[in-house]
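Structure file my_file14.cif; described as mmCIF, C-alpha atoms (C1' of nucleotides).
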```cif
data_final
#
loop_
_atom_site.label_atom_id
_atom_site.label_comp_id
_atom_site.auth_asym_id
_atom_site.auth_seq_id
_atom_site.Cartn_x
_atom_site.Cartn_y
_atom_site.Cartn_z
CA MET O 3 6.10 10.42 -52.40
CA ASN O 4 5.50 14.08 -52.83
CA LYS O 5 3.49 14.44 -55.98
CA ASN O 6 4.31 18.11 -56.08
CA ILE O 7 7.86 17.38 -56.98
CA GLY O 8 7.66 14.27 -59.07
CA HIS O 9 10.49 12.59 -60.81
CA TYR O 10 13.97 13.56 -59.85
CA LYS O 11 15.28 15.06 -63.01
CA LYS O 12 12.09 16.95 -63.49
CA ILE O 13 13.01 19.36 -60.75
CA ASN O 14 13.65 21.90 -63.37
CA GLN O 15 14.29 25.41 -62.44
CA GLY O 16 16.38 27.20 -64.98
CA SER O 17 16.31 27.89 -68.66
CA ASN O 18 15.07 24.97 -70.67
CA ILE O 19 16.91 21.90 -71.72
CA LEU O 20 16.00 22.81 -75.28
CA ASN O 21 19.36 24.43 -75.53
CA ASN O 22 21.38 21.36 -76.24
CA ASN O 23 24.78 22.84 -76.86
CA LEU O 24 25.38 23.81 -73.28
CA ASP O 25 27.51 26.76 -72.43
CA ILE O 26 29.52 25.09 -69.75
CA THR O 27 32.48 27.40 -69.93
CA ARG O 28 31.70 28.91 -66.57
CA LEU O 29 31.25 25.51 -64.99
CA GLU O 30 34.47 24.33 -66.52
CA SER O 31 36.22 27.34 -65.07
CA ILE O 32 34.89 26.54 -61.66
CA LYS O 33 35.83 22.92 -62.07
CA ASN O 34 39.31 23.85 -63.11
CA ALA O 35 39.69 26.25 -60.23
CA ASN O 36 38.59 23.59 -57.76
CA SER O 37 40.45 20.68 -59.24
CA SER O 38 43.85 21.32 -57.79
CA LYS O 39 43.29 23.22 -54.62
CA LYS O 40 42.57 21.78 -51.26
CA VAL O 41 39.61 23.34 -49.64
CA TYR O 42 41.37 23.37 -46.32
CA ASP O 43 44.10 25.69 -47.28
CA SER O 44 45.52 25.49 -43.81
CA THR O 45 48.38 27.70 -44.90
CA ALA O 46 46.11 30.73 -45.14
CA ARG O 47 45.62 30.97 -41.42
CA MET O 48 49.20 30.08 -40.73
CA GLU O 49 50.21 33.01 -42.88
CA ASP O 50 48.00 35.31 -40.86
CA TYR O 51 49.73 34.26 -37.68
CA LEU O 52 53.18 34.52 -39.22
CA GLU O 53 52.41 37.98 -40.50
CA VAL O 54 51.34 39.22 -37.08
CA ILE O 55 54.25 37.56 -35.34
CA PHE O 56 56.65 39.11 -37.79
CA GLU O 57 55.20 42.57 -37.31
CA LEU O 58 55.32 42.20 -33.55
CA VAL O 59 58.92 41.10 -33.69
CA GLN O 60 59.73 44.03 -35.92
CA ASN O 61 58.06 46.45 -33.55
CA LYS O 62 58.79 45.11 -30.12
CA GLY O 63 61.50 42.55 -30.65
CA TYR O 64 59.35 39.66 -29.52
CA ALA O 65 55.85 38.29 -29.92
CA THR O 66 53.82 37.17 -26.94
CA THR O 67 50.77 34.97 -26.93
CA VAL O 68 48.62 37.77 -25.62
CA ASP O 69 49.72 40.23 -28.27
CA ILE O 70 49.23 37.77 -31.08
CA SER O 71 45.78 36.95 -29.79
CA LYS O 72 44.94 40.62 -29.56
CA TYR O 73 45.84 41.44 -33.14
CA LEU O 74 44.20 38.38 -34.62
CA ASN O 75 41.15 38.71 -32.42
CA VAL O 76 41.35 35.17 -31.09
CA ARG O 77 41.82 33.75 -27.61
CA SER O 78 45.17 32.76 -26.25
CA PRO O 79 44.68 28.98 -26.40
CA SER O 80 44.15 29.32 -30.13
CA VAL O 81 47.47 31.08 -30.37
CA THR O 82 49.29 28.43 -28.38
CA LYS O 83 47.82 25.73 -30.56
CA MET O 84 48.75 27.43 -33.79
CA VAL O 85 52.21 28.34 -32.56
CA GLN O 86 52.82 24.67 -31.82
CA ARG O 87 51.71 23.80 -35.31
CA LEU O 88 53.93 26.44 -36.85
CA ASP O 89 56.79 24.98 -34.86
CA GLU O 90 56.03 21.48 -36.13
CA ASN O 91 56.10 22.91 -39.63
CA GLY O 92 59.47 24.50 -39.13
CA LEU O 93 58.22 28.05 -39.48
CA LEU O 94 59.22 29.09 -36.00
CA GLU O 95 60.88 27.72 -32.89
CA TYR O 96 58.66 27.47 -29.89
CA GLU O 97 59.62 26.98 -26.29
CA LYS O 98 56.86 26.55 -23.81
CA TYR O 99 56.38 29.55 -21.52
CA ARG O 100 59.46 31.16 -22.98
CA GLY O 101 58.76 32.45 -26.41
CA ILE O 102 59.04 31.98 -30.14
CA ARG O 103 61.53 32.78 -32.80
CA LEU O 104 60.69 32.81 -36.48
CA THR O 105 62.83 30.62 -38.68
CA GLU O 106 64.18 31.83 -41.98
CA LYS O 107 61.37 30.00 -43.72
CA GLY O 108 58.79 31.60 -41.46
CA ILE O 109 60.25 35.02 -42.06
CA GLN O 110 60.13 34.53 -45.80
CA ILE O 111 56.47 33.58 -45.69
CA ALA O 112 55.65 36.51 -43.45
CA ILE O 113 57.43 38.97 -45.70
CA SER O 114 55.83 37.60 -48.80
CA THR O 115 52.41 37.75 -47.18
CA ARG O 116 52.98 41.29 -46.07
CA LYS O 117 54.06 42.29 -49.54
CA LYS O 118 50.88 40.87 -51.03
CA HIS O 119 48.85 42.63 -48.40
CA GLU O 120 50.50 45.95 -49.13
CA LEU O 121 50.13 45.48 -52.85
CA LEU O 122 46.44 44.69 -52.65
CA SER O 123 45.74 47.42 -50.17
CA GLU O 124 47.55 49.92 -52.33
CA PHE O 125 45.67 48.84 -55.41
CA PHE O 126 42.32 49.22 -53.75
CA ARG O 127 43.22 52.63 -52.47
CA LEU O 128 44.35 53.66 -55.94
CA ILE O 129 40.98 52.83 -57.38
CA GLY O 130 39.20 54.78 -54.70
CA VAL O 131 38.46 52.32 -51.91
CA ASP O 132 38.86 53.81 -48.45
CA LYS O 133 41.85 52.68 -46.45
CA GLU O 134 39.98 50.67 -43.88
CA THR O 135 38.07 48.64 -46.43
CA ALA O 136 41.14 48.29 -48.59
CA ASP O 137 42.98 46.81 -45.67
CA LYS O 138 40.20 44.50 -44.72
CA ASP O 139 39.86 43.19 -48.24
CA ALA O 140 43.59 42.88 -48.69
CA GLU O 141 43.64 40.76 -45.56
CA GLY O 142 41.00 38.47 -47.06
CA LEU O 143 42.60 38.23 -50.47
CA GLU O 144 46.28 38.05 -49.75
CA HIS O 145 46.35 34.29 -49.42
CA HIS O 146 44.68 33.54 -52.69
CA LEU O 147 46.91 35.08 -55.30
CA HIS O 148 48.90 33.19 -57.86
CA PRO O 149 52.49 34.42 -58.30
CA GLU O 150 51.72 35.41 -61.85
CA SER O 151 48.82 37.56 -60.71
CA ILE O 152 51.00 39.19 -58.13
CA LYS O 153 53.61 40.03 -60.67
CA LYS O 154 51.09 41.49 -63.05
CA LEU O 155 49.36 43.39 -60.30
CA GLU O 156 52.67 44.83 -59.18
CA LYS O 157 53.41 46.07 -62.65
CA PHE O 158 49.97 47.45 -62.93
CA VAL O 159 50.03 49.24 -59.61
CA ASN O 160 53.33 50.81 -60.56
CA PHE O 161 51.84 52.03 -63.78
CA LEU O 162 48.79 53.30 -61.96
CA LYS O 163 50.85 55.21 -59.44
CA LYS O 164 52.63 57.03 -62.23
CA ASN O 165 49.43 57.80 -64.06
CA GLN O 166 46.93 58.55 -61.37
CA GLU O 167 45.45 61.38 -63.35
CA LEU O 168 44.15 58.91 -65.91
CA PHE O 169 41.58 57.44 -63.63
CA ASN O 170 39.84 59.70 -61.21
CA ASN O 171 37.26 57.75 -59.35
CA MET X 18 65.40 25.46 -18.23
CA ASN X 19 67.17 26.10 -21.47
CA LYS X 20 69.84 28.63 -20.68
CA ASN X 21 70.19 29.36 -24.34
CA ILE X 22 66.89 31.11 -24.43
CA GLY X 23 66.71 32.78 -21.08
CA HIS X 24 64.03 35.06 -19.87
CA TYR X 25 60.82 35.21 -21.84
CA LYS X 26 60.80 38.74 -23.08
CA LYS X 27 64.42 38.47 -23.99
CA ILE X 28 63.64 36.33 -26.98
CA ASN X 29 64.37 39.25 -29.13
CA GLN X 30 64.60 38.88 -32.79
CA GLY X 31 63.75 42.03 -34.64
CA SER X 32 64.82 45.62 -34.69
CA ASN X 33 65.62 46.93 -31.27
CA ILE X 34 63.28 48.14 -28.64
CA LEU X 35 65.21 51.37 -28.65
CA ASN X 36 62.65 52.71 -31.02
CA ASN X 37 60.03 53.69 -28.52
CA ASN X 38 57.49 55.33 -30.73
CA LEU X 39 56.41 52.15 -32.41
CA ASP X 40 55.09 52.14 -35.92
CA ILE X 41 52.15 49.90 -35.30
CA THR X 42 50.10 51.07 -38.23
CA ARG X 43 50.46 47.76 -40.01
CA LEU X 44 49.54 45.83 -36.91
CA GLU X 45 46.55 48.06 -36.35
CA SER X 46 45.46 47.42 -39.91
CA ILE X 47 45.64 43.71 -39.35
CA LYS X 48 43.83 44.03 -36.06
CA ASN X 49 41.13 46.07 -37.65
CA ALA X 50 40.77 43.62 -40.50
CA ASN X 51 40.36 40.77 -38.05
CA SER X 52 38.21 42.53 -35.52
CA SER X 53 34.79 42.50 -37.11
CA LYS X 54 32.96 39.52 -35.86
CA LYS X 55 31.84 37.21 -38.57
CA VAL X 56 28.15 37.65 -39.01
CA TYR X 57 27.81 35.71 -42.16
CA ASP X 58 24.81 34.79 -44.11
CA SER X 59 26.74 32.11 -45.89
CA THR X 60 30.26 30.82 -45.74
CA ALA X 61 32.69 30.96 -48.62
CA ARG X 62 32.17 27.28 -49.25
CA MET X 63 28.42 27.60 -49.23
CA GLU X 64 28.77 30.24 -51.89
CA ASP X 65 30.88 27.90 -53.97
CA TYR X 66 28.17 25.28 -53.86
CA LEU X 67 25.44 27.78 -54.64
CA GLU X 68 27.38 29.07 -57.58
CA VAL X 69 27.82 25.62 -59.08
CA ILE X 70 24.22 24.66 -58.43
CA PHE X 71 23.06 27.84 -60.06
CA GLU X 72 25.20 27.26 -63.13
CA LEU X 73 24.02 23.69 -63.43
CA VAL X 74 20.41 24.78 -63.18
CA GLN X 75 21.03 27.39 -65.82
CA ASN X 76 22.60 24.87 -68.12
CA LYS X 77 20.66 21.70 -67.58
CA GLY X 78 17.61 22.77 -65.67
CA TYR X 79 18.56 20.80 -62.59
CA ALA X 80 21.55 20.05 -60.40
CA THR X 81 22.35 16.49 -59.33
CA THR X 82 24.58 15.41 -56.50
CA VAL X 83 26.99 13.79 -58.91
CA ASP X 84 27.31 16.87 -61.09
CA ILE X 85 27.84 19.16 -58.16
CA SER X 86 30.48 16.85 -56.78
CA LYS X 87 32.18 16.72 -60.15
CA TYR X 88 32.50 20.46 -60.57
CA LEU X 89 33.57 21.12 -57.01
CA ASN X 90 35.93 18.19 -56.95
CA VAL X 91 34.44 16.64 -53.80
CA ARG X 92 32.73 13.33 -53.10
CA SER X 93 29.00 12.93 -53.17
CA PRO X 94 28.46 12.57 -49.41
CA SER X 95 30.01 16.00 -49.01
CA VAL X 96 27.47 17.36 -51.45
CA THR X 97 24.54 15.76 -49.66
CA LYS X 98 25.74 17.15 -46.38
CA MET X 99 26.20 20.65 -47.70
CA VAL X 100 22.90 20.59 -49.56
CA GLN X 101 21.17 19.73 -46.32
CA ARG X 102 22.87 22.62 -44.65
CA LEU X 103 21.94 25.00 -47.44
CA ASP X 104 18.38 23.83 -47.03
CA GLU X 105 18.49 24.49 -43.29
CA ASN X 106 19.72 27.96 -44.07
CA GLY X 107 16.90 28.63 -46.48
CA LEU X 108 19.12 28.92 -49.53
CA LEU X 109 17.54 26.01 -51.34
CA GLU X 110 14.82 23.42 -50.91
CA TYR X 111 16.01 19.88 -50.66
CA GLU X 112 14.04 16.69 -51.00
CA LYS X 113 15.84 13.49 -50.36
CA TYR X 114 16.49 11.44 -53.49
CA ARG X 115 14.44 13.88 -55.51
CA GLY X 116 16.35 17.04 -56.01
CA ILE X 117 16.94 20.63 -55.02
CA ARG X 118 15.54 23.98 -55.93
CA LEU X 119 17.29 27.24 -55.15
CA THR X 120 15.31 29.75 -53.17
CA GLU X 121 15.24 33.40 -54.11
CA LYS X 122 17.84 34.06 -51.44
CA GLY X 123 20.05 31.27 -52.75
CA ILE X 124 19.75 32.59 -56.27
CA GLN X 125 20.71 36.06 -55.15
CA ILE X 126 23.84 34.81 -53.43
CA ALA X 127 24.77 32.68 -56.43
CA ILE X 128 24.33 35.56 -58.85
CA SER X 129 26.25 37.95 -56.68
CA THR X 130 29.06 35.43 -56.31
CA ARG X 131 29.17 34.84 -60.02
CA LYS X 132 29.31 38.54 -60.72
CA LYS X 133 32.25 38.96 -58.39
CA HIS X 134 33.97 36.03 -60.03
CA GLU X 135 33.48 37.47 -63.49
CA LEU X 136 34.60 40.89 -62.40
CA LEU X 137 37.79 39.62 -60.81
CA SER X 138 38.57 37.29 -63.64
CA GLU X 139 38.07 40.06 -66.15
CA PHE X 140 40.27 42.39 -64.19
CA PHE X 141 43.11 39.93 -64.01
CA ARG X 142 42.86 39.23 -67.69
CA LEU X 143 42.92 42.95 -68.43
CA ILE X 144 46.20 43.35 -66.61
CA GLY X 145 47.72 40.45 -68.47
CA VAL X 146 47.08 37.37 -66.37
CA ASP X 147 46.26 34.30 -68.42
CA LYS X 148 42.69 33.10 -68.36
CA GLU X 149 43.27 29.95 -66.37
CA THR X 150 45.12 31.70 -63.58
CA ALA X 151 42.70 34.59 -63.64
CA ASP X 152 39.85 32.16 -63.11
CA LYS X 153 41.59 30.28 -60.38
CA ASP X 154 42.43 33.43 -58.49
CA ALA X 155 38.96 34.86 -59.00
CA GLU X 156 37.60 31.71 -57.46
CA GLY X 157 39.79 32.23 -54.43
CA LEU X 158 39.06 35.92 -54.04
CA GLU X 159 35.41 36.22 -54.86
CA HIS X 160 34.28 35.55 -51.31
CA HIS X 161 36.39 38.21 -49.71
CA LEU X 162 35.36 41.44 -51.34
CA HIS X 163 33.62 44.28 -49.61
CA PRO X 164 30.70 45.80 -51.57
CA GLU X 165 32.55 49.07 -51.80
CA SER X 166 35.55 47.39 -53.34
CA ILE X 167 33.32 45.64 -55.82
CA LYS X 168 31.72 48.87 -56.87
CA LYS X 169 35.05 50.58 -57.31
CA LEU X 170 36.53 47.63 -59.13
CA GLU X 171 33.57 47.58 -61.48
CA LYS X 172 34.05 51.21 -62.32
CA PHE X 173 37.70 50.66 -62.78
CA VAL X 174 37.32 47.64 -65.00
CA ASN X 175 34.91 49.58 -67.16
CA PHE X 176 37.40 52.35 -67.49
CA LEU X 177 40.14 49.90 -68.26
CA LYS X 178 38.15 48.19 -70.96
CA LYS X 179 37.64 51.48 -72.73
CA ASN X 180 41.27 52.44 -72.42
CA GLN X 181 43.16 49.26 -72.92
CA GLU X 182 45.79 50.96 -75.00
CA LEU X 183 46.95 52.86 -71.93
CA PHE X 184 48.40 49.84 -70.24
CA ASN X 185 50.04 47.24 -72.35
CA ASN X 186 51.48 44.59 -70.16
"C1'" DA H 30 59.72 36.22 -0.05
"C1'" DA H 31 54.72 35.89 -0.09
"C1'" DA H 32 50.75 37.14 -2.28
"C1'" DT H 33 48.65 38.73 -6.32
"C1'" DA H 34 48.31 39.59 -11.14
"C1'" DA H 35 49.38 38.57 -15.68
"C1'" DT H 36 50.41 35.40 -19.00
"C1'" DG H 37 50.64 30.85 -21.06
"C1'" DT H 38 49.09 25.98 -21.60
"C1'" DT H 39 46.18 21.78 -21.52
"C1'" DA H 40 41.92 19.41 -21.86
"C1'" DG H 41 37.74 18.91 -23.79
"C1'" DA H 42 33.85 20.61 -26.66
"C1'" DT H 43 32.15 22.75 -31.09
"C1'" DT H 44 31.69 23.95 -36.05
"C1'" DA H 45 32.81 23.50 -40.90
"C1'" DT H 46 34.33 20.63 -44.27
"C1'" DA H 47 36.00 16.57 -46.10
"C1'" DC H 48 36.63 11.52 -46.55
"C1'" DT H 49 35.43 6.12 -46.91
"C1'" DA H 50 32.40 2.28 -46.31
"C1'" DA H 51 27.99 0.59 -46.18
"C1'" DC H 52 23.33 1.01 -47.38
"C1'" DA H 53 19.00 2.88 -49.96
"C1'" DT H 54 16.73 4.47 -53.89
"C1'" DT H 55 16.10 5.35 -58.60
"C1'" DT H 56 17.09 4.51 -63.42
"C1'" DA H 57 18.47 1.61 -67.19
"C1'" DT H 58 19.07 -2.87 -69.31
"C1'" DT H 59 17.92 -7.29 -70.33
"C1'" DA C 26 9.47 -7.63 -64.15
"C1'" DA C 27 14.02 -8.87 -62.61
"C1'" DT C 28 18.56 -7.58 -62.45
"C1'" DA C 29 22.30 -4.50 -62.86
"C1'" DA C 30 24.09 0.07 -62.82
"C1'" DA C 31 23.96 4.60 -61.39
"C1'" DT C 32 22.96 7.82 -58.10
"C1'" DG C 33 22.06 9.44 -53.45
"C1'" DT C 34 22.29 9.06 -48.36
"C1'" DT C 35 23.81 7.77 -43.63
"C1'" DA C 36 27.17 6.66 -40.31
"C1'" DG C 37 31.37 7.20 -38.60
"C1'" DT C 38 36.11 9.29 -38.82
"C1'" DA C 39 39.51 13.10 -39.61
"C1'" DT C 40 41.50 17.83 -39.65
"C1'" DA C 41 41.69 22.85 -38.97
"C1'" DA C 42 40.34 26.28 -36.28
"C1'" DT C 43 37.90 28.08 -32.68
"C1'" DC C 44 36.08 28.45 -27.82
"C1'" DT C 45 35.71 28.01 -22.34
"C1'" DA C 46 37.25 26.23 -18.01
"C1'" DA C 47 40.83 24.74 -15.32
"C1'" DC C 48 45.55 24.61 -14.34
"C1'" DA C 49 50.70 26.08 -14.59
"C1'" DT C 50 54.20 29.36 -14.90
"C1'" DT C 51 56.22 33.83 -14.77
"C1'" DA C 52 56.18 38.69 -13.44
"C1'" DT C 53 54.84 42.35 -10.27
"C1'" DT C 54 53.52 44.31 -6.02
"C1'" DT C 55 53.55 44.68 -1.33
#
```

Kindly transcribe the structure held in the file into structure tokens.
Amino acid sequence: MNKNIGHYKKINQGSNILNNNLDITRLESIKNANSSKKVYDSTARMEDYLEVIFELVQNKGYATTVDISKYLNVRSPSVTKMVQRLDENGLLEYEKYRGIRLTEKGIQIAISTRKKHELLSEFFRLIGVDKETADKDAEGLEHHLHPESIKKLEKFVNFLKKNQELFNN
Amino acid sequence: MNKNIGHYKKINQGSNILNNNLDITRLESIKNANSSKKVYDSTARMEDYLEVIFELVQNKGYATTVDISKYLNVRSPSVTKMVQRLDENGLLEYEKYRGIRLTEKGIQIAISTRKKHELLSEFFRLIGVDKETADKDAEGLEHHLHPESIKKLEKFVNFLKKNQELFNN
DNA sequence: AAATAATGTTAGATTATACTAACATTTATT
DNA sequence: AATAAATGTTAGTATAATCTAACATTATTT
């Protein structure tokens, strides 16, 4: 027994317990935010792949394993693995050694992801963030937006574009 | 061989290859966003735990396994495991069956995470997103913001608060 | 068309996070 | 103080995503 620490609940670090009416609003917010979501939001990464595949198809007409791996900065076996999973999920059709074709569902997800990306990136640029950072952040955020937030952000970005003189960073 | 698909590169889905000067700006953005190797101090999930632990310590003076698990919506063994990892990373001090104490480094990460959360949540509320959704999205986004974006968003939110009449959603 | 290069896939390992079941310790109740 | 309840931990399993090494297929060069 480490006498320096003592009884469990006595490991007391913060403001005192004197304050009995706890302000747990923040904790409740966190709880609420964590209550429904799965931590392994496997769709986030799938969306990344779909987005890149879609862009490649747009640009070159097809998406190869090597190209996908290049733009996502992963190795080719990772691409093969994910592509097989996307196929199992009906987001694309995969034929070994031959190629892939996005399904309608896959295309919809890709487009929606791209739209979020563009929206976020545009917003950050509007408030003065440099393009590179804006893009990087947009990439990180695009999977975590509620439809309502997207709608509101769209409206807001539209407003902002028309009134850029209001806020000069 | 599936004759329906044919030669690899002929799986051609998008706009034609005719367009030789490819617009790969979007792809380059994605590539850039994914290129920086992840040299992280703490993962997103670690930050979640630190945030909850910090809040609990603030409110009750200590953070128990059960409470942490409750607010993060995970089971207690997951908490124990993560707490041990946070200890290994020097973000808190853990003593089996006795309790935990955040280190200075852990506190800094928790505070910074909380600030981002508050900032994002406030922003979403300012543009008309309801509190619950704002919180949920903030929780998802808070780990993915570049310091520059935070700074700019702070400035912007301050401006917005002082000029709420400008944008009425 | 044979040899070489490029590309794609499989197998097996690794890390992060989570879970359940079983067990250990601490706290509360009688 | 003995028992029961609550809390905390370990062990073992699962999934998502990644990697390297080895192998397979397709494309290019000679």

* To do: Using the chain letters and numbering of this document, enumerate as a list in words the residues selected by the PyMOL selection byres ((chain H) within 12 of (chain O)).
  => DA35, DT36, DG37, DT38, DT39, DA40, DA45, DT46, DA47, DT54, DT55 and DT56 of chain H

* To do: Name the closest residue to DT35 (chain C) among the candidates X:Lys122, X:Asp154, X:Ser95, X:Val74; distances are taken between atoms, counting only C-alpha atoms (C1' of nucleotides).
  =>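 Nearest to DT35 (chain C): X:Ser95.
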
* When the PyMOL selection byres ((chain C) within 9 of (chain O)) is applied to the file above, which residues end up in the set, as a list of chain:residue names? ->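 This file, filtered by the PyMOL selection byres ((chain C) within 9 of (chain O)), leaves C:DT40, C:DA41, C:DA42, C:DT43, C:DC44, C:DT50, C:DT51.
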
* To do: Using the chain letters and numbering of this document, enumerate as a count of residues only the residues selected by the PyMOL selection byres ((chain C and resi 54) around 12).
  => 9

* Asked: Excluding same-chain residues fewer than 2 positions from region 128-136 of chain O, what lies within 9 Å of it counting all atoms listed in the file, as an MDAnalysis selection string?
  -> (chainID O and resid 122:126 138:141 159 162:163 166 169:171) or (chainID X and resid 46 49:50 163 165:166 169:170 172:173)

* What is the distance, in Å and to one decimal place, between CA of Glu135 (chain X) and CA of Ile111 (chain O)? ->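 Interatomic distance, CA of Glu135 (chain X) to CA of Ile111 (chain O): 29.3 Å.
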
* **Separation of CA of Asp84 (chain X) from C1' of DT28 (chain C) in Å** =>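 Between these atoms lies a distance of 26.0 Å.
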
* Asked: Looking at all atoms listed in the file, which of X:Glu110, X:Glu182, X:Asp152, X:Glu64 is the one that sits closest to chain O?
  -> X:Asp152

* To do: Could you check how far CA of Gly92 (chain O) sits from CA of Ser71 (chain O), in Å to one decimal?
  =>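 Spanning CA of Gly92 (chain O) to CA of Ser71 (chain O) is a straight-line distance of 20.7 Å.
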
* Test item: residues at most 12 Å from DA57 (chain H), only C-alpha atoms (C1' of nucleotides), excluding those fewer than 4 positions along its chain, as a ChimeraX atom specification -> /C:28-32

* Smallest atom-to-atom distance to chain X: which of O:Leu94, O:Met48, O:Leu58, O:Thr115, using all atoms listed in the file? ->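 When distances to chain X are compared using all atoms listed in the file, the smallest one comes from O:Leu58.
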
* To do: Would you mind telling me which residue in O:Tyr51, O:Glu106, O:Tyr73, O:Phe56 lies nearest to Glu45 (chain X) when using only C-alpha atoms?
  =>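 Closest to Glu45 (chain X) of all the choices is O:Tyr73.
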
* **Counting all atoms listed in the file, the option among O:Ile109, O:Pro149, O:Glu144, O:Tyr64 closest to chain X** =>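 For chain X, the nearest of the candidates is O:Tyr64.
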
Contacts of DG41 (chain H) within 12 Å, all atoms listed in the file, excl. fewer than 5 positions in-chain, as an mmCIF file with C-alpha atoms (C1' of nucleotides), keeping the file's coordinate frame:
```
data_model
loop_
_atom_site.group_PDB
_atom_site.id
_atom_site.type_symbol
_atom_site.label_atom_id
_atom_site.label_comp_id
_atom_site.auth_asym_id
_atom_site.auth_seq_id
_atom_site.Cartn_x
_atom_site.Cartn_y
_atom_site.Cartn_z
ATOM 1 C "C1'" DC C 44 36.080 28.450 -27.820
ATOM 2 C "C1'" DT C 45 35.710 28.010 -22.340
ATOM 3 C "C1'" DA C 46 37.250 26.230 -18.010
ATOM 4 C "C1'" DA C 47 40.830 24.740 -15.320
#
```

* **Nearest to chain O by atom-to-atom distance, counting all atoms listed in the file, from X:Thr60, X:Lys133, X:Leu108, X:His161** =>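 Checking each candidate against chain O, we get X:His161 as the closest.
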
Centre, x/y/z edge lengths, axis-aligned box for region 26-45 of chain C with 3 Å per side, as lines of an AutoDock Vina configuration file:
```
center_x = 25.6
center_y = 9.8
center_z = -43.2
size_x = 38.2
size_y = 43.3
size_z = 47.8
```
